[in-house]
Structure formats: C-alpha cells, structure tokens
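*Asks:* There's a structure below that I have some questions on.
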Amino acid sequence: MQTRDTSPKAADLQIQVHRQFPPARRLAMAIEMSEFARKLSRAGLRSRNPAFSDEQLDEEMLNLLYGFRRKRS
C-alpha cells in the first residue's frame with residue numbers, strides 16, 4: 001500500500017529492511033503498533049467525550065474495535 005508521505009523508493013527499502021528482521025522482532029513491532037493505535041483511539045474517544053467515565057470509554061472501545069456492545073442488566 002502506497003502512503004502519501006513516503007516515496008515508492010523509500011517504501012520499497014523499508015519493506016526490504018523489515019523482511020530481514022527476525023520473526024520475534026517483527027511480532028514485537030506489530031504489538032507495539034497495535035498498542036499505540038489503541039491508545040490513540042482511546043485518546044480520541046476521550047477528547048470527543050470528555051464526560052465519559054472509564055467504564056463508558058471501555059464500552060466505546062469494545063464497540064469501536066469489535067462492533068460489540070454489552071447488554072446492560
């Protein structure tokens with residue numbers, strides 16, 4: 001996938017470098033990126049909904065990530 005801020009030549013080089021990483025390093029990078037994306041998403045939700053409690057933010061994260069809403073009792 002071509003990004004707007006990276007030239008095709010730089011993107012190809014980045015892919016080549018990443019392919020040389022050992023599997024454990026690639027997995028660690030993927031986990032770090034996933035955690036960053038979740039933190040960024042939660043911060044965005046918090047910014048748009050400053051009155052939400054932590055529990056409400058958790059609920060919205062579940063919905064955002066998985067399209068899931070818990071049934072309230």
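Starting from 1 in every chain, residues are counted up; chains themselves are A, B, ... following the order of the structure tokens, and ligands are numbered from 1 as listed.
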Residues at most 12 Å from A:Leu62, counting only C-alpha atoms, excluding those fewer than 5 positions away in the same chain, as a PyMOL selection string?
*Replies:* chain A and resi 38+41-42+45+55-57+67-70
*Asks:* DSSP says alpha helix (DSSP H) for which residues of chain A? Put them as a PDB file with C-alpha atoms, in the first residue's frame?
*Replies:*
ATOM      1  CA  PRO A   8       7.786   4.443  -3.539  1.00  0.00           C
ATOM      2  CA  LYS A   9      11.569   4.003  -3.385  1.00  0.00           C
ATOM      3  CA  ALA A  10      11.667   4.633   0.377  1.00  0.00           C
ATOM      4  CA  ALA A  11       8.673   2.326   0.934  1.00  0.00           C
ATOM      5  CA  ASP A  12      10.396  -0.485  -1.006  1.00  0.00           C
ATOM      6  CA  LEU A  13      13.546  -0.045   1.067  1.00  0.00           C
ATOM      7  CA  GLN A  14      11.549  -0.109   4.289  1.00  0.00           C
ATOM      8  CA  ILE A  15       9.858  -3.359   3.238  1.00  0.00           C
ATOM      9  CA  GLN A  16      13.228  -4.920   2.390  1.00  0.00           C
ATOM     10  CA  VAL A  17      14.652  -3.943   5.781  1.00  0.00           C
ATOM     11  CA  HIS A  18      11.611  -5.239   7.668  1.00  0.00           C
ATOM     12  CA  ARG A  19      11.748  -8.554   5.826  1.00  0.00           C
ATOM     13  CA  GLN A  20      15.258  -9.071   7.172  1.00  0.00           C
ATOM     14  CA  PRO A  23      10.178 -13.056  13.340  1.00  0.00           C
ATOM     15  CA  ALA A  24      10.301 -12.120  17.043  1.00  0.00           C
ATOM     16  CA  ARG A  25      11.256  -8.541  16.188  1.00  0.00           C
ATOM     17  CA  ARG A  26       8.509  -8.247  13.567  1.00  0.00           C
ATOM     18  CA  LEU A  27       5.999  -9.564  16.094  1.00  0.00           C
ATOM     19  CA  ALA A  28       7.209  -7.090  18.732  1.00  0.00           C
ATOM     20  CA  MET A  29       6.850  -4.229  16.244  1.00  0.00           C
ATOM     21  CA  ALA A  30       3.323  -5.333  15.349  1.00  0.00           C
ATOM     22  CA  ILE A  31       2.331  -5.498  19.017  1.00  0.00           C
ATOM     23  CA  GLU A  32       3.789  -2.038  19.679  1.00  0.00           C
ATOM     24  CA  MET A  33       1.913  -0.563  16.710  1.00  0.00           C
ATOM     25  CA  SER A  34      -1.322  -2.198  17.844  1.00  0.00           C
ATOM     26  CA  GLU A  35      -0.927  -0.869  21.380  1.00  0.00           C
ATOM     27  CA  PHE A  36      -0.168   2.613  20.032  1.00  0.00           C
ATOM     28  CA  ALA A  37      -3.242   2.533  17.785  1.00  0.00           C
ATOM     29  CA  ARG A  38      -5.451   1.515  20.732  1.00  0.00           C
ATOM     30  CA  LYS A  39      -4.038   4.297  22.926  1.00  0.00           C
ATOM     31  CA  LEU A  40      -4.554   6.805  20.143  1.00  0.00           C
ATOM     32  CA  SER A  41      -8.127   5.595  19.587  1.00  0.00           C
ATOM     33  CA  ARG A  42      -8.910   5.816  23.306  1.00  0.00           C
ATOM     34  CA  ALA A  43      -7.418   9.326  23.476  1.00  0.00           C
ATOM     35  CA  GLY A  44      -9.593  10.344  20.535  1.00  0.00           C
ATOM     36  CA  LEU A  45     -12.696   8.953  22.228  1.00  0.00           C
ATOM     37  CA  ARG A  46     -11.764  10.778  25.435  1.00  0.00           C
ATOM     38  CA  SER A  47     -11.229  14.016  23.525  1.00  0.00           C
ATOM     39  CA  ARG A  48     -14.622  13.749  21.820  1.00  0.00           C
ATOM     40  CA  ASP A  54     -13.533   4.972  32.238  1.00  0.00           C
ATOM     41  CA  GLU A  55     -16.239   2.315  32.008  1.00  0.00           C
ATOM     42  CA  GLN A  56     -18.020   4.213  29.231  1.00  0.00           C
ATOM     43  CA  LEU A  57     -14.722   4.572  27.380  1.00  0.00           C
ATOM     44  CA  ASP A  58     -14.169   0.824  27.726  1.00  0.00           C
ATOM     45  CA  GLU A  59     -17.624   0.221  26.253  1.00  0.00           C
ATOM     46  CA  GLU A  60     -16.942   2.540  23.329  1.00  0.00           C
ATOM     47  CA  MET A  61     -13.569   0.889  22.688  1.00  0.00           C
ATOM     48  CA  LEU A  62     -15.290  -2.510  22.539  1.00  0.00           C
ATOM     49  CA  ASN A  63     -17.739  -1.105  20.043  1.00  0.00           C
ATOM     50  CA  LEU A  64     -15.056   0.639  18.004  1.00  0.00           C
ATOM     51  CA  LEU A  65     -12.726  -2.358  17.842  1.00  0.00           C
ATOM     52  CA  TYR A  66     -15.181  -5.237  17.668  1.00  0.00           C
TER      53      TYR A  66
END
